[in-house]
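Reproduced below: upload33.cif, with mmCIF, C-alpha atoms and all ligand atoms.
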data_data
#
loop_
_atom_site.label_atom_id
_atom_site.label_comp_id
_atom_site.auth_asym_id
_atom_site.auth_seq_id
_atom_site.Cartn_x
_atom_site.Cartn_y
_atom_site.Cartn_z
CA MET A 856 95.75 -29.83 -23.47
CA ILE A 857 96.21 -29.81 -27.22
CA LEU A 858 97.47 -33.40 -27.49
CA LYS A 859 97.00 -36.30 -25.13
CA SER A 860 97.81 -39.93 -25.72
CA LYS A 861 97.07 -43.05 -23.73
CA ASP A 862 98.22 -46.58 -24.55
CA LEU A 863 99.21 -45.33 -27.98
CA VAL A 864 100.43 -48.08 -30.29
CA CYS A 865 101.35 -47.57 -33.91
CA GLY A 866 103.41 -49.15 -36.61
CA TYR A 867 103.27 -50.07 -40.24
CA SER A 868 101.20 -53.25 -40.29
CA LYS A 869 97.42 -53.04 -40.73
CA LYS A 870 96.99 -54.00 -37.10
CA PRO A 871 99.60 -51.83 -35.35
CA HIS A 872 99.84 -54.09 -32.28
CA ILE A 873 101.13 -56.98 -34.44
CA ASN A 874 104.43 -55.29 -35.17
CA PRO A 875 104.41 -52.09 -33.13
CA VAL A 876 106.97 -49.34 -33.52
CA ILE A 877 105.40 -47.10 -30.87
CA LYS A 878 104.65 -49.20 -27.82
CA ASN A 879 101.93 -48.09 -25.42
CA ILE A 880 103.08 -44.57 -24.85
CA GLU A 881 101.44 -41.85 -22.88
CA PHE A 882 102.16 -38.13 -23.18
CA GLN A 883 100.52 -34.74 -22.99
CA ILE A 884 101.36 -31.59 -24.88
CA GLU A 885 99.92 -28.25 -23.86
CA GLN A 886 98.89 -25.59 -26.31
CA GLY A 887 101.76 -23.19 -26.90
CA SER A 888 104.50 -25.69 -26.05
CA LYS A 889 107.57 -26.05 -28.20
CA VAL A 890 108.42 -29.71 -28.03
CA ALA A 891 111.52 -31.49 -29.28
CA ILE A 892 111.40 -35.25 -29.81
CA LEU A 893 114.87 -36.70 -29.35
CA GLY A 894 116.32 -40.18 -29.61
CA ALA A 895 118.58 -42.48 -31.59
CA ASN A 896 118.02 -43.61 -35.18
CA GLY A 897 115.07 -45.94 -35.55
CA CYS A 898 113.57 -45.35 -32.07
CA GLY A 899 110.25 -44.23 -33.56
CA LYS A 900 110.38 -40.40 -33.67
CA THR A 901 109.11 -40.05 -37.24
CA THR A 902 106.50 -42.74 -36.65
CA LEU A 903 105.14 -40.82 -33.65
CA LEU A 904 105.07 -37.58 -35.64
CA ARG A 905 103.21 -39.30 -38.47
CA ALA A 906 100.61 -40.68 -36.05
CA ILE A 907 100.08 -37.21 -34.59
CA GLY A 908 99.73 -35.85 -38.13
CA GLY A 909 96.97 -38.36 -38.87
CA ILE A 910 99.06 -40.09 -41.54
CA LEU A 911 99.39 -43.43 -39.76
CA PRO A 912 96.76 -45.68 -38.13
CA TYR A 913 97.07 -46.22 -34.40
CA GLU A 914 95.51 -48.12 -31.54
CA GLY A 915 94.80 -46.64 -28.12
CA SER A 916 93.95 -43.01 -27.76
CA LEU A 917 95.46 -39.91 -29.37
CA LEU A 918 93.40 -36.81 -28.74
CA LEU A 919 93.93 -33.60 -30.68
CA ASP A 920 91.89 -30.77 -29.14
CA GLY A 921 89.80 -33.39 -27.38
CA GLU A 922 88.96 -35.47 -30.47
CA GLU A 923 90.61 -38.65 -31.68
CA VAL A 924 93.05 -37.89 -34.49
CA ARG A 925 91.59 -40.83 -36.44
CA SER A 926 88.16 -39.21 -36.45
CA TYR A 927 89.30 -35.98 -38.14
CA LYS A 928 88.51 -35.35 -41.80
CA ARG A 929 91.63 -34.58 -43.85
CA ARG A 930 90.68 -30.94 -44.40
CA LYS A 931 89.79 -30.37 -40.76
CA ILE A 932 93.12 -31.70 -39.52
CA ALA A 933 94.94 -29.61 -42.15
CA GLU A 934 93.42 -26.49 -40.56
CA LYS A 935 94.98 -27.42 -37.26
CA LEU A 936 98.35 -28.83 -38.13
CA ALA A 937 100.91 -28.81 -40.90
CA VAL A 938 103.34 -31.68 -41.20
CA MET A 939 106.75 -31.60 -42.78
CA THR A 940 108.15 -35.12 -42.74
CA GLN A 941 111.32 -36.54 -44.24
CA LEU A 942 109.00 -38.32 -46.63
CA SER A 943 107.56 -35.08 -48.01
CA GLN A 944 107.51 -35.71 -51.68
CA LEU A 945 105.36 -35.16 -54.70
CA TYR A 946 104.51 -37.63 -57.32
CA PHE A 947 104.23 -35.05 -60.08
CA SER A 948 106.74 -32.43 -60.97
CA TYR A 949 105.60 -29.01 -59.87
CA THR A 950 107.45 -25.75 -59.82
CA VAL A 951 108.70 -24.33 -56.54
CA GLU A 952 105.86 -21.80 -56.46
CA GLU A 953 103.18 -24.39 -57.27
CA THR A 954 104.50 -26.67 -54.54
CA VAL A 955 104.33 -23.91 -51.95
CA MET A 956 100.83 -23.02 -53.18
CA LEU A 957 99.78 -26.64 -52.48
CA GLY A 958 100.06 -25.76 -48.78
CA ARG A 959 97.13 -23.36 -49.28
CA TYR A 960 94.82 -25.88 -50.96
CA LEU A 961 95.00 -28.40 -48.16
CA HIS A 962 92.37 -26.53 -46.18
CA THR A 963 91.02 -23.67 -48.26
CA ASN A 964 88.16 -24.35 -50.62
CA HIS A 965 90.13 -22.92 -53.50
CA ILE A 966 90.63 -25.14 -56.48
CA PHE A 967 94.20 -25.72 -57.58
CA GLY A 968 95.13 -22.93 -60.00
CA ASN A 969 92.58 -20.54 -58.52
CA PRO A 970 94.37 -18.74 -55.67
CA ASP A 971 92.87 -15.60 -54.16
CA ASP A 972 94.87 -12.51 -53.13
CA ARG A 973 95.44 -13.82 -49.62
CA ASP A 974 96.81 -17.14 -50.94
CA LYS A 975 99.17 -15.23 -53.23
CA ASP A 976 100.38 -12.97 -50.40
CA VAL A 977 101.06 -15.90 -48.07
CA VAL A 978 102.93 -17.82 -50.77
CA GLU A 979 105.01 -14.73 -51.62
CA LYS A 980 105.93 -14.32 -47.94
CA CYS A 981 106.88 -17.98 -47.57
CA LEU A 982 108.96 -17.95 -50.77
CA ARG A 983 110.80 -14.85 -49.53
CA ARG A 984 111.37 -16.19 -46.01
CA ASN A 985 112.92 -19.36 -47.39
CA GLY A 986 115.13 -17.71 -50.00
CA LEU A 987 113.15 -19.17 -52.89
CA LEU A 988 112.14 -16.08 -54.88
CA GLU A 989 114.85 -16.52 -57.48
CA ILE A 990 114.06 -20.16 -58.12
CA ARG A 991 110.27 -19.94 -57.89
CA GLY A 992 109.82 -21.11 -61.49
CA LYS A 993 112.13 -24.14 -61.28
CA GLN A 994 110.82 -27.71 -61.21
CA ILE A 995 111.39 -29.17 -57.76
CA ASP A 996 112.96 -32.36 -59.09
CA GLU A 997 115.79 -30.19 -60.46
CA LEU A 998 116.71 -28.81 -57.04
CA SER A 999 119.43 -29.69 -54.56
CA GLY A 1000 118.48 -31.48 -51.31
CA GLY A 1001 118.70 -28.27 -49.29
CA GLN A 1002 116.69 -26.24 -51.78
CA ARG A 1003 114.00 -28.93 -51.83
CA GLN A 1004 113.95 -29.00 -48.03
CA ARG A 1005 113.33 -25.23 -48.05
CA VAL A 1006 110.49 -25.67 -50.54
CA PHE A 1007 108.81 -28.25 -48.28
CA LEU A 1008 109.28 -25.96 -45.30
CA ALA A 1009 107.72 -23.09 -47.23
CA ARG A 1010 104.79 -25.32 -48.20
CA THR A 1011 104.30 -26.27 -44.54
CA MET A 1012 104.45 -22.64 -43.45
CA ALA A 1013 102.00 -21.62 -46.20
CA GLN A 1014 99.36 -23.77 -44.53
CA GLU A 1015 99.34 -21.21 -41.66
CA THR A 1016 98.24 -23.64 -38.96
CA PRO A 1017 98.51 -23.15 -35.19
CA ILE A 1018 100.48 -26.42 -34.88
CA LEU A 1019 103.65 -27.23 -36.80
CA LEU A 1020 105.07 -30.77 -36.94
CA LEU A 1021 108.59 -30.77 -38.31
CA ASP A 1022 110.73 -33.83 -38.92
CA GLU A 1023 114.40 -32.93 -38.87
CA PRO A 1024 113.77 -29.53 -40.41
CA THR A 1025 117.46 -28.67 -40.69
CA ASN A 1026 118.23 -31.78 -42.73
CA HIS A 1027 120.30 -30.78 -45.79
CA LEU A 1028 120.31 -27.09 -44.85
CA ASP A 1029 123.57 -25.16 -44.94
CA LEU A 1030 124.53 -23.14 -41.85
CA ARG A 1031 122.96 -19.92 -43.07
CA TYR A 1032 119.59 -21.56 -43.65
CA GLN A 1033 119.83 -23.44 -40.36
CA ALA A 1034 120.32 -20.12 -38.58
CA GLU A 1035 117.48 -18.53 -40.55
CA LEU A 1036 115.18 -21.44 -39.79
CA MET A 1037 115.95 -21.09 -36.10
CA GLU A 1038 115.11 -17.35 -36.24
CA TYR A 1039 111.97 -18.09 -38.21
CA LEU A 1040 110.78 -20.67 -35.70
CA LEU A 1041 111.54 -18.37 -32.76
CA ASP A 1042 109.58 -15.54 -34.44
CA TRP A 1043 106.72 -17.91 -35.23
CA CYS A 1044 106.60 -19.02 -31.60
CA LYS A 1045 106.57 -15.39 -30.40
CA GLU A 1046 103.92 -14.33 -32.94
CA ASP A 1047 101.18 -16.09 -31.01
CA PRO A 1048 101.54 -17.81 -27.63
CA ALA A 1049 99.08 -20.46 -28.83
CA HIS A 1050 101.44 -21.60 -31.60
CA THR A 1051 102.55 -25.13 -30.85
CA LEU A 1052 105.66 -26.65 -32.32
CA ILE A 1053 106.55 -30.34 -32.27
CA GLY A 1054 109.79 -31.23 -33.94
CA VAL A 1055 112.12 -34.17 -34.35
CA PHE A 1056 115.68 -32.95 -33.99
CA HIS A 1057 119.01 -34.66 -34.37
CA ASP A 1058 120.72 -31.39 -33.60
CA ILE A 1059 120.31 -31.10 -29.83
CA ASN A 1060 121.61 -27.52 -29.86
CA MET A 1061 118.89 -26.54 -32.33
CA ALA A 1062 116.32 -28.29 -30.12
CA LEU A 1063 117.61 -26.37 -27.10
CA SER A 1064 117.46 -23.05 -28.97
CA VAL A 1065 113.86 -23.43 -30.05
CA CYS A 1066 112.11 -25.78 -27.61
CA ASP A 1067 111.07 -25.65 -23.97
CA GLN A 1068 109.82 -29.22 -23.64
CA PHE A 1069 111.56 -32.46 -24.53
CA LEU A 1070 110.43 -36.02 -25.17
CA VAL A 1071 113.24 -38.53 -25.23
CA MET A 1072 112.47 -41.84 -26.92
CA LYS A 1073 114.11 -45.23 -26.95
CA ASP A 1074 112.85 -48.40 -28.66
CA GLY A 1075 109.37 -47.04 -29.28
CA GLN A 1076 108.89 -45.74 -25.75
CA ILE A 1077 109.26 -42.40 -24.01
CA ILE A 1078 112.02 -42.66 -21.43
CA SER A 1079 111.77 -39.07 -20.22
CA ALA A 1080 109.55 -36.02 -20.77
CA GLY A 1081 109.51 -32.50 -19.44
CA SER A 1082 111.62 -29.36 -19.29
CA LYS A 1083 115.31 -29.15 -20.12
CA ASP A 1084 116.36 -29.48 -16.49
CA VAL A 1085 114.36 -32.65 -16.02
CA VAL A 1086 115.12 -34.35 -19.30
CA LEU A 1087 118.48 -33.30 -20.59
CA SER A 1088 120.52 -34.78 -17.82
CA GLY A 1089 123.61 -36.60 -18.96
CA GLU A 1090 122.17 -39.91 -17.79
CA ILE A 1091 118.99 -39.78 -19.85
CA LEU A 1092 120.81 -38.76 -23.00
CA LYS A 1093 123.37 -41.47 -22.37
CA GLU A 1094 120.60 -44.04 -22.16
CA ALA A 1095 118.89 -42.74 -25.31
CA TYR A 1096 121.98 -42.46 -27.51
CA GLU A 1097 124.19 -45.03 -25.81
CA MET A 1098 127.02 -42.53 -25.62
CA ASP A 1099 128.21 -39.70 -23.40
CA VAL A 1100 126.44 -36.85 -25.19
CA GLU A 1101 127.59 -34.14 -22.74
CA SER A 1102 131.28 -34.96 -23.13
CA TYR A 1103 130.87 -35.14 -26.89
CA MET A 1104 129.25 -31.66 -26.97
CA GLN A 1105 131.98 -30.22 -24.74
CA LYS A 1106 134.67 -31.73 -26.93
CA GLN A 1107 133.04 -30.22 -30.00
CA LEU A 1108 132.97 -26.80 -28.33
CA SER A 1109 136.62 -27.05 -27.30
CA PHE A 1110 137.66 -27.03 -30.97
CA TRP A 1111 136.51 -23.38 -31.11
CA SER A 1112 138.73 -22.13 -28.31
N1 LIG B 1 107.27 -47.31 -44.01
C1 LIG B 1 107.73 -48.18 -43.11
N2 LIG B 1 107.39 -49.50 -43.15
C2 LIG B 1 107.82 -50.38 -42.22
N3 LIG B 1 108.64 -50.04 -41.20
C3 LIG B 1 109.01 -48.76 -41.10
C4 LIG B 1 108.59 -47.77 -42.05
N4 LIG B 1 109.13 -46.57 -41.68
C5 LIG B 1 109.87 -46.82 -40.58
N5 LIG B 1 109.79 -48.12 -40.23
C6 LIG B 1 110.46 -48.75 -39.07
O1 LIG B 1 110.00 -48.15 -37.89
C7 LIG B 1 111.06 -48.00 -36.94
C8 LIG B 1 111.14 -46.57 -36.47
O2 LIG B 1 111.40 -45.75 -37.58
P1 LIG B 1 111.31 -44.17 -37.48
O3 LIG B 1 111.51 -43.63 -38.86
O4 LIG B 1 110.07 -43.77 -36.76
O5 LIG B 1 112.57 -43.86 -36.56
P2 LIG B 1 113.27 -42.47 -36.23
O6 LIG B 1 113.44 -42.44 -34.75
O7 LIG B 1 112.54 -41.34 -36.84
O8 LIG B 1 114.68 -42.70 -36.92
P3 LIG B 1 115.73 -41.70 -37.62
O9 LIG B 1 116.38 -40.92 -36.52
O10 LIG B 1 116.69 -42.65 -38.24
O11 LIG B 1 115.00 -40.85 -38.61
C9 LIG B 1 112.33 -48.50 -37.65
O12 LIG B 1 112.59 -49.79 -37.20
C10 LIG B 1 111.96 -48.50 -39.10
O13 LIG B 1 112.61 -49.54 -39.79
#
Translate the structure described by the file into C-alpha cells.
Amino acid sequence: MILKSKDLVCGYSKKPHINPVIKNIEFQIEQGSKVAILGANGCGKTTLLRAIGGILPYEGSLLLDGEEVRSYKRRKIAEKLAVMTQLSQLYFSYTVEETVMLGRYLHTNHIFGNPDDRDKDVVEKCLRRNGLLEIRGKQIDELSGGQRQRVFLARTMAQETPILLLDEPTNHLDLRYQAELMEYLLDWCKEDPAHTLIGVFHDINMALSVCDQFLVMKDGQIISAGSKDVVLSGEILKEAYEMDVESYMQKQLSFWS
C-alpha cells in the first residue's frame, strides 16, 4: 500500500480539527494505481491532494510508504512524489527553462545553476513533450494561462518521481494539449507498473481515459471509492454533483451525431 489514511483531518487553521475541510477520512491507494479524485467545487479535492503532498498539516494518520507524511524531510518526499497544484506559482520571474529545471533541484544535490548532463537531458525532454522548446527563453509571467500550465506540468515531470499528484492538469489547456497530456499520462503509466498517479479532475471523460480507481468526495468526505463500475454509477455522481451527470454527458454526446 503506497498511501493509507485513517481519521485524516486537515484544513487551513493551525489546528485542523477547529475548522476542518477534510473530515475524518479513510482511504488506501495501492502502488501502481491511477486514481481520480472527483467531486463538486469546494468539496476538498485540492486540500486532500495538498495534504498527501506534505504541503498542509493534518491530524490523524496519513502514511506514505509506511511513514507519516508529516515526518518526511522536504527532499525525501520530493524523491517520491511531484505535486502540480492549481497554486503552482513562483515568486520570482524565471524563464520557462529555468522553471522546468527547478523540478530537478527539489531532490538532487545540484545547486541552482549547476545542472549535470542528466538534468539537462531530462529538462530537454520535458520541454519537448510539452511543446515549450520555442518559448524556453521567455519569462513565465509573460505567458498565457495554458502555456504556464504546460510549464508547471513540465516542471512536475522533470522531477521524475514514481508518484505524480496533479490538480486539474487540463486546466487552461486547448484541445490539442489536453489530448497530448492524456497520451503522455497513459505512456507514463505504461512505462513502469509502479508509477502511481493521483489526479483531481473536473473532466470526467479525462479521468475515465487515464484512471482505474476513483474517489468521489462530498463536503470533505469520501462518499465512494473503487473501480469505475463501483463508483461511477449515476446515483453516486448525482449525489456528488447534485445533478444528473449521466444524462448531461449523453446530451453532450448527442450534439455530435
Ligand atoms: N488557503 C485556504 N485558506 C482557507 N480556506 C481554504 C483555502 N483553500 C481552500 N480553502 C477552503 O477549503 C474548502 C475546500 O477547498 P478545495 O480547494 O480543497 O476544494 P476543491 O474540491 O479542490 O474545489 P474546486 O473544484 O473548486 O477546485 C473550500 O471551502 C475553500 O474555501
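The residue that comes closest to A:Gly992, out of A:Val1100, A:Met1072, A:Leu1020, A:Val955 and on the basis of all atoms listed in the file, is A:Val955.
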Could you pull the residues within 10 Å of A:Ala1080, counting only C-alpha atoms, minus those fewer than 5 positions along the same chain, as a list in words?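 Near A:Ala1080, the qualifying residues are Phe882, Gln883, Val890, Ala891, Ile892, Gln1068, Phe1069, Leu1070, Val1071, Met1072, Val1085, Val1086 and Leu1087 of chain A.
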Could you give me, as a ChimeraX atom specification, every polymer residue with an atom at most 12 Å away from an atom of ligand LIG 1 (chain B), counting all atoms listed in the file? /A:865-869,871,874-878,892-906,910-911,940-942,1021-1024,1026,1054-1058,1070-1077,1095-1096
As JSON, please report the centre and edge lengths, rounded to one decimal in Å, of the axis-aligned box that holds all listed atoms of stretch 1068-1073 of chain A with 6 Å of padding on each of the six sides.
{"center_x": 112.0, "center_y": -37.2, "center_z": -25.3, "size_x": 16.3, "size_y": 28.0, "size_z": 15.3}
Env of A:Gln886: 7 Å cut, atoms = all atoms listed in the file, seq-sep filter 6 positions within chain, self excluded. Answer as an NGL selection string. :A and (856-857 or 1049 or 1051)
Show me, as a list of chain:residue names, the residues that have an atom within 7 Å of stretch 1030-1039 of chain A when counting all atoms listed in the file, minus same-chain residues fewer than 4 positions from it. A:Thr1025, A:Trp1043, A:Val1065
Select, from A:Leu917, A:Val978, A:Ile873, A:Leu961, the residue with the minimum atom-to-atom distance to A:Arg929, counting all atoms listed in the file. A:Leu961
Pick from A:Asn969, A:Thr954, A:Val1006, A:Pro1017: nearest to A:Glu1046, with only C-alpha atoms counted?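 Comparing A:Asn969, A:Thr954, A:Val1006, A:Pro1017 against A:Glu1046, the winner is A:Pro1017.
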Could you work out how far atom CA of A:Ser1064 lies from atom CA of A:Asp1084, giving the answer in Å with one decimal?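 Atom CA of A:Asp1084 sits 14.1 Å away from atom CA of A:Ser1064.
Between atom CA of A:Asp1029 and atom CA of A:Gln1105 there is a distance of 22.5 Å.
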Enter the distance from atom CA of A:Pro970 to atom CA of A:Gln1002, in Å, rounded to one decimal. 23.9 Å
Nearest to A:Asp996: which of A:Thr1011, A:Asn879, A:Thr950, A:Thr1016 is it, counting only C-alpha atoms? A:Thr950
Reconstruct stretch 911-939 of chain A at the level of N, CA and C atoms, and format the result as a PDB file, in the frame of the given file.
ATOM      1  N   LEU A 911      99.146 -42.015 -40.060  1.00  0.00           N
ATOM      2  CA  LEU A 911      99.390 -43.430 -39.760  1.00  0.00           C
ATOM      3  C   LEU A 911      98.301 -43.948 -38.810  1.00  0.00           C
ATOM      4  N   PRO A 912      97.760 -45.157 -39.064  1.00  0.00           N
ATOM      5  CA  PRO A 912      96.760 -45.680 -38.130  1.00  0.00           C
ATOM      6  C   PRO A 912      97.386 -45.978 -36.769  1.00  0.00           C
ATOM      7  N   TYR A 913      96.551 -45.923 -35.748  1.00  0.00           N
ATOM      8  CA  TYR A 913      97.070 -46.220 -34.400  1.00  0.00           C
ATOM      9  C   TYR A 913      96.001 -46.943 -33.600  1.00  0.00           C
ATOM     10  N   GLU A 914      96.431 -47.545 -32.515  1.00  0.00           N
ATOM     11  CA  GLU A 914      95.510 -48.120 -31.540  1.00  0.00           C
ATOM     12  C   GLU A 914      95.732 -47.361 -30.233  1.00  0.00           C
ATOM     13  N   GLY A 915      94.736 -47.440 -29.340  1.00  0.00           N
ATOM     14  CA  GLY A 915      94.800 -46.640 -28.120  1.00  0.00           C
ATOM     15  C   GLY A 915      94.191 -45.280 -28.417  1.00  0.00           C
ATOM     16  N   SER A 916      94.575 -44.317 -27.606  1.00  0.00           N
ATOM     17  CA  SER A 916      93.950 -43.010 -27.760  1.00  0.00           C
ATOM     18  C   SER A 916      94.983 -41.931 -28.088  1.00  0.00           C
ATOM     19  N   LEU A 917      94.618 -41.056 -29.023  1.00  0.00           N
ATOM     20  CA  LEU A 917      95.460 -39.910 -29.370  1.00  0.00           C
ATOM     21  C   LEU A 917      94.523 -38.743 -29.646  1.00  0.00           C
ATOM     22  N   LEU A 918      94.362 -37.905 -28.635  1.00  0.00           N
ATOM     23  CA  LEU A 918      93.400 -36.810 -28.740  1.00  0.00           C
ATOM     24  C   LEU A 918      94.077 -35.529 -29.204  1.00  0.00           C
ATOM     25  N   LEU A 919      93.487 -34.915 -30.214  1.00  0.00           N
ATOM     26  CA  LEU A 919      93.930 -33.600 -30.680  1.00  0.00           C
ATOM     27  C   LEU A 919      92.763 -32.656 -30.404  1.00  0.00           C
ATOM     28  N   ASP A 920      92.988 -31.659 -29.545  1.00  0.00           N
ATOM     29  CA  ASP A 920      91.890 -30.770 -29.140  1.00  0.00           C
ATOM     30  C   ASP A 920      90.670 -31.551 -28.674  1.00  0.00           C
ATOM     31  N   GLY A 921      90.900 -32.626 -27.963  1.00  0.00           N
ATOM     32  CA  GLY A 921      89.800 -33.390 -27.380  1.00  0.00           C
ATOM     33  C   GLY A 921      89.150 -34.414 -28.286  1.00  0.00           C
ATOM     34  N   GLU A 922      89.558 -34.471 -29.560  1.00  0.00           N
ATOM     35  CA  GLU A 922      88.960 -35.470 -30.470  1.00  0.00           C
ATOM     36  C   GLU A 922      90.029 -36.413 -30.981  1.00  0.00           C
ATOM     37  N   GLU A 923      89.647 -37.672 -31.169  1.00  0.00           N
ATOM     38  CA  GLU A 923      90.610 -38.650 -31.680  1.00  0.00           C
ATOM     39  C   GLU A 923      91.138 -38.211 -33.041  1.00  0.00           C
ATOM     40  N   VAL A 924      92.447 -38.260 -33.208  1.00  0.00           N
ATOM     41  CA  VAL A 924      93.050 -37.890 -34.490  1.00  0.00           C
ATOM     42  C   VAL A 924      92.414 -38.700 -35.630  1.00  0.00           C
ATOM     43  N   ARG A 925      92.129 -39.973 -35.367  1.00  0.00           N
ATOM     44  CA  ARG A 925      91.590 -40.830 -36.440  1.00  0.00           C
ATOM     45  C   ARG A 925      90.203 -40.400 -36.889  1.00  0.00           C
ATOM     46  N   SER A 926      89.516 -39.593 -36.065  1.00  0.00           N
ATOM     47  CA  SER A 926      88.160 -39.210 -36.450  1.00  0.00           C
ATOM     48  C   SER A 926      88.120 -37.902 -37.258  1.00  0.00           C
ATOM     49  N   TYR A 927      89.270 -37.250 -37.387  1.00  0.00           N
ATOM     50  CA  TYR A 927      89.300 -35.980 -38.140  1.00  0.00           C
ATOM     51  C   TYR A 927      89.216 -36.223 -39.641  1.00  0.00           C
ATOM     52  N   LYS A 928      88.470 -35.362 -40.330  1.00  0.00           N
ATOM     53  CA  LYS A 928      88.510 -35.350 -41.800  1.00  0.00           C
ATOM     54  C   LYS A 928      89.819 -34.689 -42.210  1.00  0.00           C
ATOM     55  N   ARG A 929      90.343 -35.087 -43.348  1.00  0.00           N
ATOM     56  CA  ARG A 929      91.630 -34.580 -43.850  1.00  0.00           C
ATOM     57  C   ARG A 929      91.706 -33.042 -43.795  1.00  0.00           C
ATOM     58  N   ARG A 930      90.662 -32.402 -44.326  1.00  0.00           N
ATOM     59  CA  ARG A 930      90.680 -30.940 -44.400  1.00  0.00           C
ATOM     60  C   ARG A 930      90.669 -30.297 -43.008  1.00  0.00           C
ATOM     61  N   LYS A 931      89.932 -30.908 -42.112  1.00  0.00           N
ATOM     62  CA  LYS A 931      89.790 -30.370 -40.760  1.00  0.00           C
ATOM     63  C   LYS A 931      91.141 -30.450 -40.017  1.00  0.00           C
ATOM     64  N   ILE A 932      91.830 -31.561 -40.212  1.00  0.00           N
ATOM     65  CA  ILE A 932      93.120 -31.700 -39.520  1.00  0.00           C
ATOM     66  C   ILE A 932      94.144 -30.756 -40.150  1.00  0.00           C
ATOM     67  N   ALA A 933      94.000 -30.510 -41.452  1.00  0.00           N
ATOM     68  CA  ALA A 933      94.940 -29.610 -42.150  1.00  0.00           C
ATOM     69  C   ALA A 933      94.753 -28.155 -41.724  1.00  0.00           C
ATOM     70  N   GLU A 934      93.602 -27.840 -41.111  1.00  0.00           N
ATOM     71  CA  GLU A 934      93.420 -26.490 -40.560  1.00  0.00           C
ATOM     72  C   GLU A 934      94.183 -26.352 -39.257  1.00  0.00           C
ATOM     73  N   LYS A 935      94.349 -27.471 -38.589  1.00  0.00           N
ATOM     74  CA  LYS A 935      94.980 -27.420 -37.260  1.00  0.00           C
ATOM     75  C   LYS A 935      96.470 -27.620 -37.312  1.00  0.00           C
ATOM     76  N   LEU A 936      96.915 -28.572 -38.149  1.00  0.00           N
ATOM     77  CA  LEU A 936      98.350 -28.830 -38.130  1.00  0.00           C
ATOM     78  C   LEU A 936      98.936 -29.055 -39.524  1.00  0.00           C
ATOM     79  N   ALA A 937     100.169 -28.611 -39.647  1.00  0.00           N
ATOM     80  CA  ALA A 937     100.910 -28.810 -40.900  1.00  0.00           C
ATOM     81  C   ALA A 937     102.078 -29.717 -40.593  1.00  0.00           C
ATOM     82  N   VAL A 938     102.301 -30.697 -41.456  1.00  0.00           N
ATOM     83  CA  VAL A 938     103.340 -31.680 -41.200  1.00  0.00           C
ATOM     84  C   VAL A 938     104.420 -31.576 -42.274  1.00  0.00           C
ATOM     85  N   MET A 939     105.661 -31.468 -41.827  1.00  0.00           N
ATOM     86  CA  MET A 939     106.750 -31.600 -42.780  1.00  0.00           C
ATOM     87  C   MET A 939     107.566 -32.818 -42.376  1.00  0.00           C
TER      88      MET A 939
END
